[in-house]
Amino acid sequence: MKKISLLTALFMGTSAVSFAQYELSSFCNTGHGGATTFATDYQATGINPANLGWDYRYTKKKFAMGYMELTSSLYSEALTKNELRGAIFDMANGGGSVFTQQEKRDAARKFTETGITFNANLGSFGAAFITKRAGGFGFRINDSYSAYVKLGSTAADLLFLGKTSSVFDSLTIVNSLGVTSQIANYQNMSPDSVKMVVNGYTNAPKLMSKILNGSEMTFTWTREYNLSYGKKIFGDSIFAMYGGIGLKYFQGLALVNVKSENEQLTGYSSLTPAFDIDYGTAVKKANEIRQSGALPKPVGTGFGMDFGLNIMIKNKLKIGASYINAGSIKWKGNLYSVKDTFMYSTTNLGLQNYNVFGQLKDIFGKNGLLKMEGEQERVVKLPGVFRTGASLVIGKVAEIGVDCIFPMSDVPGKLNKPLIGFGGDVYPVKWLKLQAGFITGGNYDFSVPLGIIFIAKEGTYECGIASRDAVTFFTQGGPTLSLSTGFMRFRF
């Protein structure tokens, strides 16, 4: 497998929380800014398992099932909406456009001191069975894909320009006659001159920790098998308390965590062999896993737990809290740590487009910009979050609420800031649910989610589409491109 694109990562094997995505792949919850007390049946797994214990709108339907529910979002302060669309195209086809030298310079400038965030979740299958006496049981298979990149000025220049970066004061060139010579590096080099450059080198090398200072790159791709249970603990129609627990098994397919802060470089990676990276001599100390078969092979495994507690007052006011992702994953396949070495020279071309994670071999491979050393295993905590929320049911016409999510661990895939959202659902007619809300924090600035859900035969079938940010439709700068869909959700 020579290439692995974003869409390949999402759909092979059933790949963006994402751990950092508040509603996972539950398209029914994307449009209203909250999920802690809104999510029902199997969509409550990974959000709040206690929700499996209470009645929901369609009380006569005890079984729910869904397939192929997708939620994704891409955000960058650096890029315009059109540039983000181009980045999505690059990710989707596994390669994409090739930057000109000027576009490389522009990309390096745009990524200086800012970044890009991508999250995607694919719920390939979910099912739940709800009974008043025994409680509710939910099961779900969910792939999460999460990426975050922020670059310092020197790091952006090096990653995009490669051998022609200003990090190198000299260049080796071979002209059209095959004559090799050394020249001083200079700005505004013409495309024809760039083609003659064999490598860049410097007479005053710097440590990578200094070159990358102020930069961070994280990337996770995990597959989660979640079995959850929720039940009423005690209470009546005036006041009732519910509890829930979820047990999860994880397969790890990709982990990247590279950071340089105060000129201290730390980093490691563990990637499924489907990324087709040649690590050169670094493989001697690593537990190398080779690709076989059509599906990407896991390089890590682990276990996790979710805990939830809810209160229902007069069957109208819902108050809930949950702790999600208590546990860890042991990564032991294709595991490498970053060595802090001097950057003397490189033949690397630099990134060719905004699809950073489709070009990982240019960063971690044997001819990549970072030098890697093999490891045997590394245990990394899951990106735990604490959720709390409340919602008010207004008859059969609406439900409004608020959600707060707090990151509990500093690991790849985490929320960078607490997230706050509020909004709700409105049912103008029994076959239609409209959603709207407001979200701020997390890995984004702020957004205005919207959604529309169609309902058939008293909840027997649901389908819908939503966006995490309606503002994107009206602005070019600082956009969030988002799509959440589901077309195969059933109850009976």
# chains A, B, ... in the order shown; residues from 1 in each chain; ligands from 1
$ select_by_dssp --residues "region 355-466 of chain A" --states "alpha helix (DSSP H)" --output "PDB file with N, CA and C atoms, in the first residue's frame"
ATOM      1  N   LYS A 361       6.214  10.261   5.659  1.00  0.00           N
ATOM      2  CA  LYS A 361       7.530   9.702   5.367  1.00  0.00           C
ATOM      3  C   LYS A 361       8.557  10.796   5.104  1.00  0.00           C
ATOM      4  N   ASP A 362       8.108  11.992   4.697  1.00  0.00           N
ATOM      5  CA  ASP A 362       9.028  13.109   4.505  1.00  0.00           C
ATOM      6  C   ASP A 362       9.428  13.757   5.825  1.00  0.00           C
ATOM      7  N   ILE A 363       8.760  13.355   6.900  1.00  0.00           N
ATOM      8  CA  ILE A 363       9.102  13.859   8.227  1.00  0.00           C
ATOM      9  C   ILE A 363       9.829  12.794   9.042  1.00  0.00           C
ATOM     10  N   PHE A 364       9.320  11.530   9.002  1.00  0.00           N
ATOM     11  CA  PHE A 364       9.855  10.472   9.859  1.00  0.00           C
ATOM     12  C   PHE A 364      10.681   9.423   9.125  1.00  0.00           C
TER      13      PHE A 364
END
$ residues_around --residues "Lys163 (chain A)" --least-positions-apart "2" --cutoff "7 Å" --atoms "only C-alpha atoms" --output "PDB file with N, CA and C atoms, in the first residue's frame"
ATOM      1  N   LEU A 161       9.678  24.206   2.816  1.00  0.00           N
ATOM      2  CA  LEU A 161      10.683  24.497   1.801  1.00  0.00           C
ATOM      3  C   LEU A 161      11.774  23.434   1.707  1.00  0.00           C
ATOM      4  N   SER A 165      15.175  25.731   2.311  1.00  0.00           N
ATOM      5  CA  SER A 165      14.802  26.512   3.491  1.00  0.00           C
ATOM      6  C   SER A 165      15.920  27.473   3.885  1.00  0.00           C
ATOM      7  N   ASN A 199      20.814  19.469  -2.758  1.00  0.00           N
ATOM      8  CA  ASN A 199      20.633  19.489  -1.315  1.00  0.00           C
ATOM      9  C   ASN A 199      20.968  20.865  -0.766  1.00  0.00           C
ATOM     10  N   GLY A 200      20.473  21.098   0.452  1.00  0.00           N
ATOM     11  CA  GLY A 200      20.829  22.310   1.175  1.00  0.00           C
ATOM     12  C   GLY A 200      21.673  21.939   2.372  1.00  0.00           C
ATOM     13  N   THR A 346      20.056  18.452   4.047  1.00  0.00           N
ATOM     14  CA  THR A 346      18.955  17.578   3.663  1.00  0.00           C
ATOM     15  C   THR A 346      18.752  17.612   2.157  1.00  0.00           C
ATOM     16  N   THR A 347      18.232  16.509   1.639  1.00  0.00           N
ATOM     17  CA  THR A 347      17.809  16.443   0.238  1.00  0.00           C
ATOM     18  C   THR A 347      16.283  16.479   0.141  1.00  0.00           C
ATOM     19  N   ASN A 348      15.633  16.650   1.280  1.00  0.00           N
ATOM     20  CA  ASN A 348      14.175  16.623   1.352  1.00  0.00           C
ATOM     21  C   ASN A 348      13.561  17.785   0.576  1.00  0.00           C
ATOM     22  N   LEU A 349      12.511  17.493  -0.193  1.00  0.00           N
ATOM     23  CA  LEU A 349      11.847  18.525  -0.994  1.00  0.00           C
ATOM     24  C   LEU A 349      10.945  19.431  -0.172  1.00  0.00           C
TER      25      LEU A 349
END
$ residues_around --residues "Lys195 (chain A)" --least-positions-apart "3" --cutoff "9 Å" --atoms "only C-alpha atoms" --output "PDB file with C-alpha atoms, in the first residue's frame"
ATOM      1  CA  ILE A 173      23.258  22.367  -7.504  1.00  0.00           C
ATOM      2  CA  VAL A 174      23.675  20.357 -10.693  1.00  0.00           C
ATOM      3  CA  SER A 190      13.150  30.826  -9.665  1.00  0.00           C
ATOM      4  CA  PRO A 191      11.410  27.478 -10.334  1.00  0.00           C
ATOM      5  CA  ASP A 192      14.133  26.499 -12.812  1.00  0.00           C
ATOM      6  CA  VAL A 198      20.381  18.679  -4.992  1.00  0.00           C
TER       7      VAL A 198
END
$ closest_residue --among "A:Val411, A:Leu370, A:Ala107, A:Ala274" --to "Thr218 (chain A)" --atoms "only C-alpha atoms"
A:Val411
$ closest_residue --among "A:Lys248, A:Lys231, A:Glu373, A:Met196" --to "Leu177 (chain A)" --atoms "only C-alpha atoms"
A:Met196
$ select_by_dssp --residues "region 330-373 of chain A" --states "strand (DSSP E or B)" --output "PyMOL selection string"
chain A and resi 330-331+335-339+342-346+371-373
$ write_last_selection --atoms "N, CA and C atoms" --output "short mmCIF file (atom, residue, chain, number, x, y, z; two decimals), in the first residue's frame"
data_model
loop_
_atom_site.label_atom_id
_atom_site.label_comp_id
_atom_site.auth_asym_id
_atom_site.auth_seq_id
_atom_site.Cartn_x
_atom_site.Cartn_y
_atom_site.Cartn_z
N LYS A 330 -1.25 0.59 24.89
CA LYS A 330 0.16 0.22 24.80
C LYS A 330 0.54 0.15 23.33
N TRP A 331 1.44 1.04 22.92
CA TRP A 331 1.92 1.08 21.55
C TRP A 331 3.25 0.34 21.49
N LEU A 335 7.34 1.57 16.58
CA LEU A 335 7.45 2.66 17.55
C LEU A 335 8.84 3.28 17.49
N TYR A 336 8.89 4.61 17.33
CA TYR A 336 10.15 5.32 17.22
C TYR A 336 10.08 6.63 18.01
N SER A 337 11.21 6.99 18.62
CA SER A 337 11.30 8.27 19.31
C SER A 337 12.18 9.22 18.51
N VAL A 338 11.94 10.51 18.68
CA VAL A 338 12.68 11.55 17.96
C VAL A 338 13.99 11.85 18.67
N LYS A 339 15.07 11.87 17.91
CA LYS A 339 16.39 12.23 18.46
C LYS A 339 16.67 13.70 18.17
N PHE A 342 21.75 17.73 15.34
CA PHE A 342 22.04 18.93 14.58
C PHE A 342 21.56 18.75 13.14
N MET A 343 20.97 19.81 12.59
CA MET A 343 20.56 19.78 11.19
C MET A 343 21.69 20.35 10.35
N TYR A 344 22.40 19.46 9.64
CA TYR A 344 23.51 19.87 8.78
C TYR A 344 23.05 20.07 7.34
N SER A 345 22.29 19.10 6.83
CA SER A 345 21.89 19.17 5.43
C SER A 345 20.69 18.27 5.19
N THR A 346 20.06 18.45 4.05
CA THR A 346 18.96 17.58 3.66
C THR A 346 18.75 17.61 2.16
N LYS A 371 15.24 12.70 12.81
CA LYS A 371 15.99 11.47 13.00
C LYS A 371 15.30 10.64 14.09
N MET A 372 15.06 9.36 13.77
CA MET A 372 14.28 8.51 14.66
C MET A 372 15.13 7.37 15.22
N GLU A 373 14.72 6.89 16.39
CA GLU A 373 15.39 5.77 17.04
C GLU A 373 14.33 4.79 17.52
#
$ residues_around --residues "Ala155 (chain A)" --least-positions-apart "5" --cutoff "8 Å" --atoms "only C-alpha atoms" --output "list in words"
Ile211, Leu212, Asn213 and Ser215 of chain A
$ write_last_selection --atoms "N, CA and C atoms" --output "PDB file, in the first residue's frame"
ATOM      1  N   ILE A 211      15.335  24.634  16.094  1.00  0.00           N
ATOM      2  CA  ILE A 211      14.628  24.895  14.833  1.00  0.00           C
ATOM      3  C   ILE A 211      13.128  24.712  15.005  1.00  0.00           C
ATOM      4  N   LEU A 212      12.718  23.699  15.767  1.00  0.00           N
ATOM      5  CA  LEU A 212      11.301  23.395  15.949  1.00  0.00           C
ATOM      6  C   LEU A 212      10.677  24.109  17.134  1.00  0.00           C
ATOM      7  N   ASN A 213      11.403  24.951  17.802  1.00  0.00           N
ATOM      8  CA  ASN A 213      10.905  25.590  19.014  1.00  0.00           C
ATOM      9  C   ASN A 213       9.556  26.286  18.759  1.00  0.00           C
ATOM     10  N   SER A 215       6.765  24.611  18.201  1.00  0.00           N
ATOM     11  CA  SER A 215       5.974  23.790  17.291  1.00  0.00           C
ATOM     12  C   SER A 215       5.398  22.572  18.007  1.00  0.00           C
TER      13      SER A 215
END
$ residues_around --residues "Pro383 (chain A)" --least-positions-apart "3" --cutoff "12 Å" --atoms "only C-alpha atoms" --output "number ranges by chain"
A: 17-21, 144, 146, 220, 222, 304-306, 323-329, 380, 386, 406-416
$ closest_atom_pairs --of "region 265-298 of chain A" --to "region 354-360 of chain A" --cutoff "10 Å" --atoms "only C-alpha atoms" --output "tab-separated table"
residue	atom	partner	partner_atom	distance
A:Leu271	CA	A:Leu360	CA	9.6
A:Phe275	CA	A:Leu360	CA	7.9
A:Asp276	CA	A:Leu360	CA	9.4
A:Ile277	CA	A:Leu360	CA	7.6
$ residues_around --residues "Ser447 (chain A)" --least-positions-apart "6" --cutoff "7 Å" --atoms "only C-alpha atoms" --output "count of residues only"
6
$ residues_around --residues "Leu122 (chain A)" --least-positions-apart "4" --cutoff "6 Å" --atoms "only C-alpha atoms" --output "PyMOL selection string"
chain A and resi 25+69-70+142-143
$ write_last_selection --atoms "N, CA and C atoms" --output "PDB file, in the first residue's frame"
ATOM      1  N   SER A  25     -19.334  10.308  16.543  1.00  0.00           N
ATOM      2  CA  SER A  25     -19.964  10.210  15.229  1.00  0.00           C
ATOM      3  C   SER A  25     -21.488  10.227  15.327  1.00  0.00           C
ATOM      4  N   GLU A  69     -22.202   6.147  10.444  1.00  0.00           N
ATOM      5  CA  GLU A  69     -22.466   7.532  10.835  1.00  0.00           C
ATOM      6  C   GLU A  69     -21.133   8.281  10.885  1.00  0.00           C
ATOM      7  N   LEU A  70     -21.046   9.356  10.146  1.00  0.00           N
ATOM      8  CA  LEU A  70     -19.780  10.072   9.986  1.00  0.00           C
ATOM      9  C   LEU A  70     -19.910  11.513  10.453  1.00  0.00           C
ATOM     10  N   ASN A 142     -16.370   2.414  16.749  1.00  0.00           N
ATOM     11  CA  ASN A 142     -16.148   3.792  16.330  1.00  0.00           C
ATOM     12  C   ASN A 142     -14.668   4.024  16.029  1.00  0.00           C
ATOM     13  N   ASP A 143     -14.377   4.553  14.852  1.00  0.00           N
ATOM     14  CA  ASP A 143     -13.020   4.948  14.502  1.00  0.00           C
ATOM     15  C   ASP A 143     -12.867   6.438  14.707  1.00  0.00           C
TER      16      ASP A 143
END
$ closest_residue --among "A:Leu74, A:Val385, A:Ile141, A:Leu392" --to "Leu419 (chain A)" --atoms "only C-alpha atoms"
A:Val385
$ atom_distance --atom1 "CA of Leu247 (chain A)" --atom2 "CA of Gly235 (chain A)"
25.7 Å
